[in-house]
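Undergrad: Input structure: data-v5.cif, which contains mmCIF, N, CA and C atoms.
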```cif
data_start
loop_
_atom_site.label_atom_id
_atom_site.label_comp_id
_atom_site.auth_asym_id
_atom_site.auth_seq_id
_atom_site.Cartn_x
_atom_site.Cartn_y
_atom_site.Cartn_z
N MET A 1 -57.63 -29.42 5.50
CA MET A 1 -56.50 -28.54 5.71
C MET A 1 -56.35 -27.68 4.45
N ASN A 2 -56.41 -26.38 4.62
CA ASN A 2 -56.27 -25.44 3.51
C ASN A 2 -54.88 -24.80 3.57
N ILE A 3 -54.11 -24.94 2.50
CA ILE A 3 -52.73 -24.44 2.47
C ILE A 3 -52.59 -23.40 1.38
N THR A 4 -51.89 -22.31 1.71
CA THR A 4 -51.62 -21.25 0.77
C THR A 4 -50.14 -20.87 0.86
N ALA A 5 -49.53 -20.60 -0.28
CA ALA A 5 -48.17 -20.08 -0.34
C ALA A 5 -48.18 -18.83 -1.19
N THR A 6 -47.54 -17.76 -0.70
CA THR A 6 -47.53 -16.48 -1.40
C THR A 6 -46.11 -15.94 -1.45
N ILE A 7 -45.73 -15.41 -2.60
CA ILE A 7 -44.46 -14.71 -2.73
C ILE A 7 -44.77 -13.31 -3.25
N LYS A 8 -44.21 -12.31 -2.59
CA LYS A 8 -44.31 -10.91 -3.01
C LYS A 8 -42.89 -10.46 -3.32
N ASN A 9 -42.63 -10.20 -4.59
CA ASN A 9 -41.26 -9.92 -5.02
C ASN A 9 -41.20 -8.64 -5.83
N SER A 10 -40.18 -7.85 -5.55
CA SER A 10 -39.84 -6.70 -6.37
C SER A 10 -38.32 -6.61 -6.35
N HIS A 11 -37.76 -5.66 -7.07
CA HIS A 11 -36.30 -5.57 -7.17
C HIS A 11 -35.65 -5.66 -5.78
N GLN A 12 -34.91 -6.72 -5.54
CA GLN A 12 -34.16 -6.99 -4.32
C GLN A 12 -35.01 -7.03 -3.05
N SER A 13 -36.28 -7.38 -3.21
CA SER A 13 -37.17 -7.57 -2.07
C SER A 13 -37.95 -8.85 -2.30
N ASN A 14 -37.98 -9.71 -1.30
CA ASN A 14 -38.65 -10.99 -1.43
C ASN A 14 -39.33 -11.32 -0.11
N GLU A 15 -40.65 -11.48 -0.14
CA GLU A 15 -41.40 -11.87 1.05
C GLU A 15 -42.13 -13.17 0.74
N VAL A 16 -41.89 -14.19 1.56
CA VAL A 16 -42.50 -15.50 1.36
C VAL A 16 -43.37 -15.81 2.58
N ILE A 17 -44.64 -16.07 2.31
CA ILE A 17 -45.59 -16.35 3.38
C ILE A 17 -46.30 -17.66 3.05
N VAL A 18 -46.34 -18.56 4.01
CA VAL A 18 -47.10 -19.80 3.88
C VAL A 18 -48.12 -19.84 5.01
N SER A 19 -49.23 -20.51 4.74
CA SER A 19 -50.23 -20.64 5.79
C SER A 19 -50.95 -21.97 5.66
N THR A 20 -51.30 -22.52 6.80
CA THR A 20 -52.14 -23.70 6.88
C THR A 20 -53.30 -23.35 7.78
N ASN A 21 -54.51 -23.48 7.23
CA ASN A 21 -55.72 -23.10 7.97
C ASN A 21 -55.57 -21.71 8.58
N GLU A 22 -55.02 -20.81 7.80
CA GLU A 22 -54.85 -19.39 8.12
C GLU A 22 -53.80 -19.12 9.20
N TYR A 23 -53.03 -20.12 9.65
CA TYR A 23 -51.90 -19.89 10.54
C TYR A 23 -50.70 -19.53 9.66
N LYS A 24 -50.34 -18.24 9.65
CA LYS A 24 -49.32 -17.73 8.73
C LYS A 24 -47.93 -17.78 9.34
N LYS A 25 -46.97 -18.11 8.45
CA LYS A 25 -45.57 -18.12 8.82
C LYS A 25 -44.79 -17.46 7.68
N THR A 26 -43.76 -16.70 8.04
CA THR A 26 -42.89 -16.09 7.04
C THR A 26 -41.61 -16.90 6.95
N ILE A 27 -41.17 -17.17 5.73
CA ILE A 27 -39.94 -17.92 5.51
C ILE A 27 -38.91 -16.96 4.92
N PRO A 28 -37.77 -16.80 5.58
CA PRO A 28 -36.77 -15.87 5.04
C PRO A 28 -36.03 -16.46 3.84
N ILE A 29 -36.39 -16.00 2.66
CA ILE A 29 -35.71 -16.39 1.43
C ILE A 29 -35.32 -15.09 0.73
N PRO A 30 -34.06 -14.86 0.52
CA PRO A 30 -33.65 -13.59 -0.08
C PRO A 30 -34.03 -13.48 -1.55
N ALA A 31 -34.06 -12.23 -2.02
CA ALA A 31 -34.25 -11.97 -3.44
C ALA A 31 -32.94 -12.22 -4.16
N LYS A 32 -33.02 -12.40 -5.48
CA LYS A 32 -31.80 -12.51 -6.28
C LYS A 32 -31.01 -11.22 -6.15
N GLU A 33 -29.71 -11.34 -6.03
CA GLU A 33 -28.87 -10.15 -5.90
C GLU A 33 -28.93 -9.28 -7.15
N GLN A 34 -29.02 -9.90 -8.34
CA GLN A 34 -28.95 -9.15 -9.58
C GLN A 34 -30.29 -8.61 -10.06
N GLY A 35 -31.36 -8.80 -9.31
CA GLY A 35 -32.63 -8.25 -9.76
C GLY A 35 -33.83 -9.04 -9.28
N GLY A 36 -34.88 -9.03 -10.10
CA GLY A 36 -36.14 -9.65 -9.71
C GLY A 36 -36.07 -11.15 -9.59
N GLY A 37 -36.88 -11.66 -8.69
CA GLY A 37 -36.97 -13.09 -8.48
C GLY A 37 -36.40 -13.51 -7.13
N SER A 38 -36.58 -14.76 -6.83
CA SER A 38 -36.13 -15.34 -5.56
C SER A 38 -34.76 -15.99 -5.72
N ALA A 39 -33.93 -15.91 -4.68
CA ALA A 39 -32.60 -16.54 -4.71
C ALA A 39 -32.69 -18.06 -4.65
N VAL A 40 -33.84 -18.59 -4.30
CA VAL A 40 -34.08 -20.02 -4.25
C VAL A 40 -35.05 -20.35 -5.38
N ASN A 41 -34.73 -21.37 -6.17
CA ASN A 41 -35.62 -21.67 -7.30
C ASN A 41 -36.72 -22.66 -6.91
N GLY A 42 -37.70 -22.76 -7.79
CA GLY A 42 -38.85 -23.63 -7.54
C GLY A 42 -38.50 -25.09 -7.42
N GLY A 43 -37.51 -25.55 -8.19
CA GLY A 43 -37.08 -26.95 -8.09
C GLY A 43 -36.52 -27.25 -6.71
N GLU A 44 -35.72 -26.32 -6.19
CA GLU A 44 -35.17 -26.50 -4.85
C GLU A 44 -36.29 -26.55 -3.82
N LEU A 45 -37.28 -25.69 -3.98
CA LEU A 45 -38.40 -25.68 -3.03
C LEU A 45 -39.27 -26.93 -3.17
N LEU A 46 -39.44 -27.41 -4.39
CA LEU A 46 -40.18 -28.66 -4.60
C LEU A 46 -39.49 -29.81 -3.89
N PHE A 47 -38.18 -29.92 -4.07
CA PHE A 47 -37.44 -30.99 -3.42
C PHE A 47 -37.44 -30.82 -1.91
N LEU A 48 -37.38 -29.56 -1.44
CA LEU A 48 -37.48 -29.30 -0.01
C LEU A 48 -38.85 -29.71 0.53
N ALA A 49 -39.90 -29.50 -0.27
CA ALA A 49 -41.24 -29.93 0.14
C ALA A 49 -41.29 -31.44 0.34
N LEU A 50 -40.67 -32.18 -0.58
CA LEU A 50 -40.62 -33.63 -0.44
C LEU A 50 -39.86 -34.03 0.83
N ALA A 51 -38.71 -33.40 1.05
CA ALA A 51 -37.89 -33.73 2.23
C ALA A 51 -38.62 -33.37 3.51
N THR A 52 -39.25 -32.20 3.54
CA THR A 52 -39.95 -31.74 4.73
C THR A 52 -41.14 -32.64 5.05
N CYS A 53 -41.91 -32.99 4.03
CA CYS A 53 -43.06 -33.87 4.23
C CYS A 53 -42.62 -35.20 4.83
N PHE A 54 -41.59 -35.80 4.24
CA PHE A 54 -41.13 -37.10 4.73
C PHE A 54 -40.62 -36.99 6.16
N CYS A 55 -39.84 -35.98 6.45
CA CYS A 55 -39.30 -35.78 7.79
C CYS A 55 -40.44 -35.64 8.82
N ASN A 56 -41.39 -34.76 8.55
CA ASN A 56 -42.49 -34.56 9.48
C ASN A 56 -43.31 -35.82 9.67
N ASP A 57 -43.56 -36.54 8.57
CA ASP A 57 -44.35 -37.76 8.67
C ASP A 57 -43.62 -38.86 9.44
N ILE A 58 -42.30 -38.91 9.33
CA ILE A 58 -41.52 -39.88 10.12
C ILE A 58 -41.75 -39.66 11.61
N TYR A 59 -41.64 -38.40 12.05
CA TYR A 59 -41.85 -38.11 13.48
C TYR A 59 -43.28 -38.43 13.91
N ARG A 60 -44.26 -38.08 13.06
CA ARG A 60 -45.66 -38.34 13.41
C ARG A 60 -45.92 -39.84 13.55
N GLU A 61 -45.49 -40.61 12.55
CA GLU A 61 -45.75 -42.05 12.56
C GLU A 61 -44.91 -42.77 13.61
N ALA A 62 -43.71 -42.30 13.86
CA ALA A 62 -42.88 -42.90 14.92
C ALA A 62 -43.56 -42.72 16.28
N ALA A 63 -44.10 -41.55 16.51
CA ALA A 63 -44.79 -41.30 17.78
C ALA A 63 -45.98 -42.24 17.95
N GLN A 64 -46.71 -42.50 16.87
CA GLN A 64 -47.85 -43.42 16.94
C GLN A 64 -47.40 -44.85 17.24
N ARG A 65 -46.18 -45.18 16.82
CA ARG A 65 -45.62 -46.51 17.08
C ARG A 65 -44.79 -46.55 18.36
N GLN A 66 -44.75 -45.43 19.07
CA GLN A 66 -43.96 -45.29 20.30
C GLN A 66 -42.48 -45.57 20.04
N ILE A 67 -41.99 -45.05 18.89
CA ILE A 67 -40.57 -45.13 18.55
C ILE A 67 -39.97 -43.75 18.77
N THR A 68 -38.87 -43.69 19.51
CA THR A 68 -38.18 -42.43 19.75
C THR A 68 -37.17 -42.19 18.64
N ILE A 69 -37.25 -41.02 18.05
CA ILE A 69 -36.34 -40.62 16.97
C ILE A 69 -35.44 -39.51 17.49
N GLN A 70 -34.12 -39.68 17.36
CA GLN A 70 -33.20 -38.63 17.75
C GLN A 70 -32.99 -37.62 16.61
N SER A 71 -32.90 -38.11 15.38
CA SER A 71 -32.71 -37.20 14.25
C SER A 71 -33.14 -37.87 12.95
N VAL A 72 -33.49 -37.01 11.99
CA VAL A 72 -33.88 -37.45 10.66
C VAL A 72 -33.15 -36.58 9.65
N GLU A 73 -32.56 -37.20 8.64
CA GLU A 73 -31.98 -36.47 7.52
C GLU A 73 -32.56 -37.04 6.24
N VAL A 74 -33.15 -36.17 5.43
CA VAL A 74 -33.73 -36.57 4.16
C VAL A 74 -33.09 -35.74 3.06
N GLN A 75 -32.51 -36.40 2.09
CA GLN A 75 -31.90 -35.71 0.96
C GLN A 75 -32.62 -36.12 -0.31
N VAL A 76 -33.16 -35.13 -1.02
CA VAL A 76 -33.89 -35.34 -2.27
C VAL A 76 -33.05 -34.78 -3.41
N SER A 77 -32.96 -35.54 -4.49
CA SER A 77 -32.21 -35.06 -5.65
C SER A 77 -32.93 -35.46 -6.92
N GLY A 78 -32.63 -34.78 -7.99
CA GLY A 78 -33.22 -35.05 -9.29
C GLY A 78 -32.69 -34.05 -10.29
N GLN A 79 -33.25 -34.08 -11.47
CA GLN A 79 -32.77 -33.20 -12.53
C GLN A 79 -33.94 -32.44 -13.15
N PHE A 80 -33.63 -31.24 -13.61
CA PHE A 80 -34.52 -30.47 -14.47
C PHE A 80 -33.77 -30.24 -15.75
N GLY A 81 -34.46 -30.37 -16.88
CA GLY A 81 -33.84 -30.18 -18.19
C GLY A 81 -34.01 -28.76 -18.67
N LYS A 82 -34.49 -28.65 -19.88
CA LYS A 82 -34.71 -27.35 -20.51
C LYS A 82 -35.89 -26.64 -19.87
N GLU A 83 -36.01 -25.34 -20.15
CA GLU A 83 -37.14 -24.57 -19.65
C GLU A 83 -38.44 -25.24 -20.06
N GLY A 84 -39.35 -25.33 -19.11
CA GLY A 84 -40.66 -25.92 -19.38
C GLY A 84 -40.75 -27.42 -19.20
N GLU A 85 -39.62 -28.09 -19.06
CA GLU A 85 -39.64 -29.55 -18.88
C GLU A 85 -39.83 -29.90 -17.41
N PRO A 86 -40.57 -30.96 -17.12
CA PRO A 86 -40.73 -31.38 -15.73
C PRO A 86 -39.45 -32.03 -15.21
N ALA A 87 -39.39 -32.19 -13.91
CA ALA A 87 -38.25 -32.87 -13.28
C ALA A 87 -38.25 -34.33 -13.66
N SER A 88 -37.08 -34.95 -13.54
CA SER A 88 -36.96 -36.39 -13.77
C SER A 88 -35.97 -36.97 -12.77
N GLY A 89 -36.04 -38.26 -12.62
CA GLY A 89 -35.08 -38.96 -11.77
C GLY A 89 -35.09 -38.53 -10.32
N ILE A 90 -36.26 -38.16 -9.80
CA ILE A 90 -36.32 -37.73 -8.39
C ILE A 90 -36.18 -38.95 -7.49
N GLN A 91 -35.20 -38.88 -6.61
CA GLN A 91 -34.96 -39.93 -5.62
C GLN A 91 -34.68 -39.28 -4.28
N TYR A 92 -34.89 -40.05 -3.23
CA TYR A 92 -34.51 -39.52 -1.92
C TYR A 92 -33.94 -40.63 -1.05
N GLU A 93 -33.10 -40.18 -0.13
CA GLU A 93 -32.54 -41.11 0.84
C GLU A 93 -32.78 -40.57 2.24
N VAL A 94 -32.86 -41.50 3.18
CA VAL A 94 -33.24 -41.16 4.55
C VAL A 94 -32.23 -41.76 5.52
N LYS A 95 -31.82 -40.95 6.48
CA LYS A 95 -30.98 -41.43 7.58
C LYS A 95 -31.71 -41.09 8.87
N ILE A 96 -31.89 -42.09 9.72
CA ILE A 96 -32.60 -41.90 10.97
C ILE A 96 -31.74 -42.40 12.12
N GLN A 97 -31.61 -41.58 13.14
CA GLN A 97 -30.95 -41.98 14.38
C GLN A 97 -32.03 -42.32 15.40
N SER A 98 -32.00 -43.55 15.90
CA SER A 98 -33.01 -44.01 16.84
C SER A 98 -32.47 -45.21 17.60
N SER A 99 -33.01 -45.41 18.78
CA SER A 99 -32.65 -46.60 19.55
C SER A 99 -33.49 -47.80 19.11
N ALA A 100 -34.45 -47.59 18.23
CA ALA A 100 -35.29 -48.68 17.72
C ALA A 100 -34.44 -49.61 16.85
N SER A 101 -34.93 -50.82 16.66
CA SER A 101 -34.20 -51.78 15.83
C SER A 101 -34.17 -51.33 14.37
N SER A 102 -33.21 -51.83 13.63
CA SER A 102 -33.11 -51.47 12.21
C SER A 102 -34.35 -51.96 11.46
N LYS A 103 -34.93 -53.07 11.86
CA LYS A 103 -36.15 -53.58 11.24
C LYS A 103 -37.32 -52.62 11.48
N GLU A 104 -37.45 -52.13 12.72
CA GLU A 104 -38.52 -51.18 13.02
C GLU A 104 -38.37 -49.90 12.19
N ILE A 105 -37.14 -49.42 12.06
CA ILE A 105 -36.88 -48.20 11.29
C ILE A 105 -37.14 -48.45 9.80
N GLU A 106 -36.71 -49.58 9.30
CA GLU A 106 -36.95 -49.92 7.90
C GLU A 106 -38.45 -49.99 7.61
N ASP A 107 -39.21 -50.62 8.50
CA ASP A 107 -40.66 -50.71 8.34
C ASP A 107 -41.30 -49.31 8.39
N LEU A 108 -40.81 -48.48 9.30
CA LEU A 108 -41.32 -47.12 9.43
C LEU A 108 -41.07 -46.33 8.14
N ILE A 109 -39.87 -46.41 7.62
CA ILE A 109 -39.51 -45.70 6.39
C ILE A 109 -40.40 -46.16 5.23
N LYS A 110 -40.56 -47.47 5.07
CA LYS A 110 -41.39 -47.99 3.99
C LYS A 110 -42.84 -47.55 4.13
N TYR A 111 -43.35 -47.54 5.35
CA TYR A 111 -44.72 -47.11 5.57
C TYR A 111 -44.89 -45.63 5.24
N VAL A 112 -43.98 -44.80 5.75
CA VAL A 112 -44.08 -43.37 5.49
C VAL A 112 -43.94 -43.09 3.99
N ASP A 113 -43.10 -43.83 3.30
CA ASP A 113 -42.98 -43.67 1.85
C ASP A 113 -44.33 -43.91 1.17
N SER A 114 -45.12 -44.81 1.71
CA SER A 114 -46.41 -45.14 1.08
C SER A 114 -47.51 -44.12 1.40
N ILE A 115 -47.33 -43.32 2.46
CA ILE A 115 -48.41 -42.40 2.86
C ILE A 115 -48.02 -40.93 2.79
N ALA A 116 -46.77 -40.60 2.52
CA ALA A 116 -46.34 -39.19 2.51
C ALA A 116 -47.16 -38.42 1.47
N GLU A 117 -47.83 -37.39 1.93
CA GLU A 117 -48.81 -36.69 1.11
C GLU A 117 -48.20 -35.99 -0.11
N ILE A 118 -47.09 -35.32 0.05
CA ILE A 118 -46.47 -34.63 -1.08
C ILE A 118 -45.97 -35.65 -2.10
N HIS A 119 -45.36 -36.71 -1.63
CA HIS A 119 -44.91 -37.78 -2.52
C HIS A 119 -46.08 -38.33 -3.33
N ASN A 120 -47.17 -38.63 -2.62
CA ASN A 120 -48.33 -39.22 -3.30
C ASN A 120 -49.00 -38.23 -4.25
N THR A 121 -48.94 -36.95 -3.95
CA THR A 121 -49.48 -35.93 -4.86
C THR A 121 -48.72 -35.97 -6.18
N LEU A 122 -47.39 -36.02 -6.10
CA LEU A 122 -46.59 -36.07 -7.32
C LEU A 122 -46.74 -37.41 -8.04
N ARG A 123 -46.80 -38.48 -7.28
CA ARG A 123 -46.93 -39.80 -7.90
C ARG A 123 -48.25 -39.95 -8.65
N LYS A 124 -49.30 -39.39 -8.08
CA LYS A 124 -50.62 -39.48 -8.69
C LYS A 124 -50.75 -38.49 -9.84
N GLY A 125 -50.10 -37.36 -9.70
CA GLY A 125 -50.30 -36.28 -10.66
C GLY A 125 -51.53 -35.49 -10.25
N VAL A 126 -51.46 -34.21 -10.36
CA VAL A 126 -52.56 -33.36 -9.93
C VAL A 126 -52.68 -32.20 -10.92
N THR A 127 -53.91 -31.77 -11.14
CA THR A 127 -54.12 -30.64 -12.02
C THR A 127 -53.67 -29.36 -11.34
N VAL A 128 -52.90 -28.56 -12.05
CA VAL A 128 -52.51 -27.24 -11.58
C VAL A 128 -53.03 -26.26 -12.61
N SER A 129 -53.88 -25.33 -12.18
CA SER A 129 -54.51 -24.44 -13.15
C SER A 129 -54.37 -22.98 -12.74
N LEU A 130 -54.30 -22.12 -13.71
CA LEU A 130 -54.29 -20.68 -13.49
C LEU A 130 -55.72 -20.24 -13.20
N LYS A 131 -55.88 -19.60 -12.06
CA LYS A 131 -57.22 -19.15 -11.67
C LYS A 131 -57.63 -17.96 -12.53
N PRO A 132 -58.83 -18.00 -13.11
CA PRO A 132 -59.27 -16.88 -13.94
C PRO A 132 -59.44 -15.62 -13.11
N LYS A 133 -59.17 -14.48 -13.73
CA LYS A 133 -59.38 -13.20 -13.05
C LYS A 133 -60.86 -12.95 -12.88
N ASP A 134 -61.19 -12.32 -11.77
CA ASP A 134 -62.61 -12.00 -11.50
C ASP A 134 -63.10 -10.92 -12.42
#
```
Take the structure in the file and write it out as structure tokens.

TA:
Amino acid sequence: MNITATIKNSHQSNEVIVSTNEYKKTIPIPAKEQGGGSAVNGGELLFLALATCFCNDIYREAAQRQITIQSVEVQVSGQFGKEGEPASGIQYEVKIQSSASSKEIEDLIKYVDSIAEIHNTLRKGVTVSLKPKD
């Protein structure tokens, strides 16, 4: 699976495009009112990535276990310090509405926590590098 995220920003204009295997989607995120940049910061998007990954994986794994899910709510929180410092204290909580037993849901949550790709990427650590100009 090849994933790309692109932001095209100029004064009060913000275009956000994501794609997976070249299937492109536009995400409406406004530009900052006072000038250049996005109205949503990278930390918020990072935490949203964690929440989205977990939510999607819950539905996928529940379907494999033939568990019906009515709703999923995932809230991710943490802190960023000074400029240039990484996030710390990232935690998340999950609320699931389902007719399945609480034990089945607890097992599902624990399993998804162990396999969620974005979570595991951050837990493992990954090299992020600036691509050299051609």

Undergrad: Rank nothing, just name the residue among A:Val128, A:Gln70, A:Cys53, A:Lys133 nearest to Ala116 of chain A, using all atoms listed in the file.

TA: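 Among A:Val128, A:Gln70, A:Cys53, A:Lys133, it is A:Cys53 that comes nearest to Ala116 of chain A.
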
Undergrad: Which residue, A:Phe47, A:Ser129, A:Tyr23, A:Ile118, has the smallest gap to Gly89 of chain A when you use only C-alpha atoms?

TA: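 Residue with the minimum atom-to-atom distance to Gly89 of chain A: A:Phe47.
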
Undergrad: Using DSSP on the backbone coordinates, identify the residues of chain A assigned to helix (DSSP H, G or I); present them as JSON, numbers by chain.

TA: {"A": [42, 43, 44, 45, 46, 47, 48, 49, 50, 51, 52, 53, 54, 55, 56, 57, 58, 59, 60, 61, 62, 63, 64, 102, 103, 104, 105, 106, 107, 108, 109, 110, 111, 112, 113, 114, 115, 117, 118, 119, 120, 121, 122, 123, 124]}

Undergrad: Just want the 8 Å neighbourhood of Glu15 of chain A, counted on all atoms listed in the file, with same-chain residues fewer than 6 positions away dropped. Output as a PyMOL selection string.

TA: chain A and resi 6-9+26-31

Undergrad: Please return the centre and edge lengths, in Å to one decimal, of a box with edges along x, y and z that contains all listed atoms of segment 1-6 of chain A, widened by 3 Å on every side, as lines of an AutoDock Vina configuration file.

TA:
```
center_x = -51.9
center_y = -22.7
center_z = 2.1
size_x = 17.5
size_y = 19.5
size_z = 13.2
```

Undergrad: Which residue, A:Val76, A:Val94, A:Met1, A:Leu46, has the smallest gap to Val112 of chain A when you use only C-alpha atoms?

TA: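 Once distances to Val112 of chain A are computed over only C-alpha atoms, the minimum belongs to A:Val94.
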
Undergrad: List every residue of segment 2-118 of chain A that DSSP, applied to the backbone, labels as strand (DSSP E or B), and write the result as a PyMOL selection string.

TA: chain A and resi 3-10+13-20+23-27+31+38+69-80+87-98

Undergrad: Store the residues of this selection in a file with N, CA and C atoms, as a short mmCIF file (atom, residue, chain, number, x, y, z; two decimals), keeping the file's coordinate frame.

TA:
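Just written: out.cif:
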```cif
data_model
loop_
_atom_site.label_atom_id
_atom_site.label_comp_id
_atom_site.auth_asym_id
_atom_site.auth_seq_id
_atom_site.Cartn_x
_atom_site.Cartn_y
_atom_site.Cartn_z
N ILE A 3 -54.11 -24.94 2.50
CA ILE A 3 -52.73 -24.44 2.47
C ILE A 3 -52.59 -23.40 1.38
N THR A 4 -51.89 -22.31 1.71
CA THR A 4 -51.62 -21.25 0.77
C THR A 4 -50.14 -20.87 0.86
N ALA A 5 -49.53 -20.60 -0.28
CA ALA A 5 -48.17 -20.08 -0.34
C ALA A 5 -48.18 -18.83 -1.19
N THR A 6 -47.54 -17.76 -0.70
CA THR A 6 -47.53 -16.48 -1.40
C THR A 6 -46.11 -15.94 -1.45
N ILE A 7 -45.73 -15.41 -2.60
CA ILE A 7 -44.46 -14.71 -2.73
C ILE A 7 -44.77 -13.31 -3.25
N LYS A 8 -44.21 -12.31 -2.59
CA LYS A 8 -44.31 -10.91 -3.01
C LYS A 8 -42.89 -10.46 -3.32
N ASN A 9 -42.63 -10.20 -4.59
CA ASN A 9 -41.26 -9.92 -5.02
C ASN A 9 -41.20 -8.64 -5.83
N SER A 10 -40.18 -7.85 -5.55
CA SER A 10 -39.84 -6.70 -6.37
C SER A 10 -38.32 -6.61 -6.35
N SER A 13 -36.28 -7.38 -3.21
CA SER A 13 -37.17 -7.57 -2.07
C SER A 13 -37.95 -8.85 -2.30
N ASN A 14 -37.98 -9.71 -1.30
CA ASN A 14 -38.65 -10.99 -1.43
C ASN A 14 -39.33 -11.32 -0.11
N GLU A 15 -40.65 -11.48 -0.14
CA GLU A 15 -41.40 -11.87 1.05
C GLU A 15 -42.13 -13.17 0.74
N VAL A 16 -41.89 -14.19 1.56
CA VAL A 16 -42.50 -15.50 1.36
C VAL A 16 -43.37 -15.81 2.58
N ILE A 17 -44.64 -16.07 2.31
CA ILE A 17 -45.59 -16.35 3.38
C ILE A 17 -46.30 -17.66 3.05
N VAL A 18 -46.34 -18.56 4.01
CA VAL A 18 -47.10 -19.80 3.88
C VAL A 18 -48.12 -19.84 5.01
N SER A 19 -49.23 -20.51 4.74
CA SER A 19 -50.23 -20.64 5.79
C SER A 19 -50.95 -21.97 5.66
N THR A 20 -51.30 -22.52 6.80
CA THR A 20 -52.14 -23.70 6.88
C THR A 20 -53.30 -23.35 7.78
N TYR A 23 -53.03 -20.12 9.65
CA TYR A 23 -51.90 -19.89 10.54
C TYR A 23 -50.70 -19.53 9.66
N LYS A 24 -50.34 -18.24 9.65
CA LYS A 24 -49.32 -17.73 8.73
C LYS A 24 -47.93 -17.78 9.34
N LYS A 25 -46.97 -18.11 8.45
CA LYS A 25 -45.57 -18.12 8.82
C LYS A 25 -44.79 -17.46 7.68
N THR A 26 -43.76 -16.70 8.04
CA THR A 26 -42.89 -16.09 7.04
C THR A 26 -41.61 -16.90 6.95
N ILE A 27 -41.17 -17.17 5.73
CA ILE A 27 -39.94 -17.92 5.51
C ILE A 27 -38.91 -16.96 4.92
N ALA A 31 -34.06 -12.23 -2.02
CA ALA A 31 -34.25 -11.97 -3.44
C ALA A 31 -32.94 -12.22 -4.16
N SER A 38 -36.58 -14.76 -6.83
CA SER A 38 -36.13 -15.34 -5.56
C SER A 38 -34.76 -15.99 -5.72
N ILE A 69 -37.25 -41.02 18.05
CA ILE A 69 -36.34 -40.62 16.97
C ILE A 69 -35.44 -39.51 17.49
N GLN A 70 -34.12 -39.68 17.36
CA GLN A 70 -33.20 -38.63 17.75
C GLN A 70 -32.99 -37.62 16.61
N SER A 71 -32.90 -38.11 15.38
CA SER A 71 -32.71 -37.20 14.25
C SER A 71 -33.14 -37.87 12.95
N VAL A 72 -33.49 -37.01 11.99
CA VAL A 72 -33.88 -37.45 10.66
C VAL A 72 -33.15 -36.58 9.65
N GLU A 73 -32.56 -37.20 8.64
CA GLU A 73 -31.98 -36.47 7.52
C GLU A 73 -32.56 -37.04 6.24
N VAL A 74 -33.15 -36.17 5.43
CA VAL A 74 -33.73 -36.57 4.16
C VAL A 74 -33.09 -35.74 3.06
N GLN A 75 -32.51 -36.40 2.09
CA GLN A 75 -31.90 -35.71 0.96
C GLN A 75 -32.62 -36.12 -0.31
N VAL A 76 -33.16 -35.13 -1.02
CA VAL A 76 -33.89 -35.34 -2.27
C VAL A 76 -33.05 -34.78 -3.41
N SER A 77 -32.96 -35.54 -4.49
CA SER A 77 -32.21 -35.06 -5.65
C SER A 77 -32.93 -35.46 -6.92
N GLY A 78 -32.63 -34.78 -7.99
CA GLY A 78 -33.22 -35.05 -9.29
C GLY A 78 -32.69 -34.05 -10.29
N GLN A 79 -33.25 -34.08 -11.47
CA GLN A 79 -32.77 -33.20 -12.53
C GLN A 79 -33.94 -32.44 -13.15
N PHE A 80 -33.63 -31.24 -13.61
CA PHE A 80 -34.52 -30.47 -14.47
C PHE A 80 -33.77 -30.24 -15.75
N ALA A 87 -39.39 -32.19 -13.91
CA ALA A 87 -38.25 -32.87 -13.28
C ALA A 87 -38.25 -34.33 -13.66
N SER A 88 -37.08 -34.95 -13.54
CA SER A 88 -36.96 -36.39 -13.77
C SER A 88 -35.97 -36.97 -12.77
N GLY A 89 -36.04 -38.26 -12.62
CA GLY A 89 -35.08 -38.96 -11.77
C GLY A 89 -35.09 -38.53 -10.32
N ILE A 90 -36.26 -38.16 -9.80
CA ILE A 90 -36.32 -37.73 -8.39
C ILE A 90 -36.18 -38.95 -7.49
N GLN A 91 -35.20 -38.88 -6.61
CA GLN A 91 -34.96 -39.93 -5.62
C GLN A 91 -34.68 -39.28 -4.28
N TYR A 92 -34.89 -40.05 -3.23
CA TYR A 92 -34.51 -39.52 -1.92
C TYR A 92 -33.94 -40.63 -1.05
N GLU A 93 -33.10 -40.18 -0.13
CA GLU A 93 -32.54 -41.11 0.84
C GLU A 93 -32.78 -40.57 2.24
N VAL A 94 -32.86 -41.50 3.18
CA VAL A 94 -33.24 -41.16 4.55
C VAL A 94 -32.23 -41.76 5.52
N LYS A 95 -31.82 -40.95 6.48
CA LYS A 95 -30.98 -41.43 7.58
C LYS A 95 -31.71 -41.09 8.87
N ILE A 96 -31.89 -42.09 9.72
CA ILE A 96 -32.60 -41.90 10.97
C ILE A 96 -31.74 -42.40 12.12
N GLN A 97 -31.61 -41.58 13.14
CA GLN A 97 -30.95 -41.98 14.38
C GLN A 97 -32.03 -42.32 15.40
N SER A 98 -32.00 -43.55 15.90
CA SER A 98 -33.01 -44.01 16.84
C SER A 98 -32.47 -45.21 17.60
#
```

Undergrad: Taking into account only C-alpha atoms, which residue in the set A:Val16, A:Lys32, A:Lys95, A:Glu22 is nearest to Ile3 of chain A?

TA: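 Using only C-alpha atoms, the shortest distance to Ile3 of chain A belongs to A:Glu22.
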
Undergrad: Which residues come within 6 Å of Thr20 of chain A, counting only N, CA and C atoms, excluding same-chain residues fewer than 4 positions away, as a ChimeraX atom specification?

TA: /A:2-4,24

Undergrad: Keeping only N, CA and C atoms, take the residues you just selected and write them out as a compact mmCIF listing (two decimals), in the frame of the given file.

TA:
```txt
# COMPACT_ATOMS: atom_id res chain seq x y z
N ASN A 2 -56.41 -26.38 4.62
CA ASN A 2 -56.27 -25.44 3.51
C ASN A 2 -54.88 -24.80 3.57
N ILE A 3 -54.11 -24.94 2.50
CA ILE A 3 -52.73 -24.44 2.47
C ILE A 3 -52.59 -23.40 1.38
N THR A 4 -51.89 -22.31 1.71
CA THR A 4 -51.62 -21.25 0.77
C THR A 4 -50.14 -20.87 0.86
N LYS A 24 -50.34 -18.24 9.65
CA LYS A 24 -49.32 -17.73 8.73
C LYS A 24 -47.93 -17.78 9.34
```
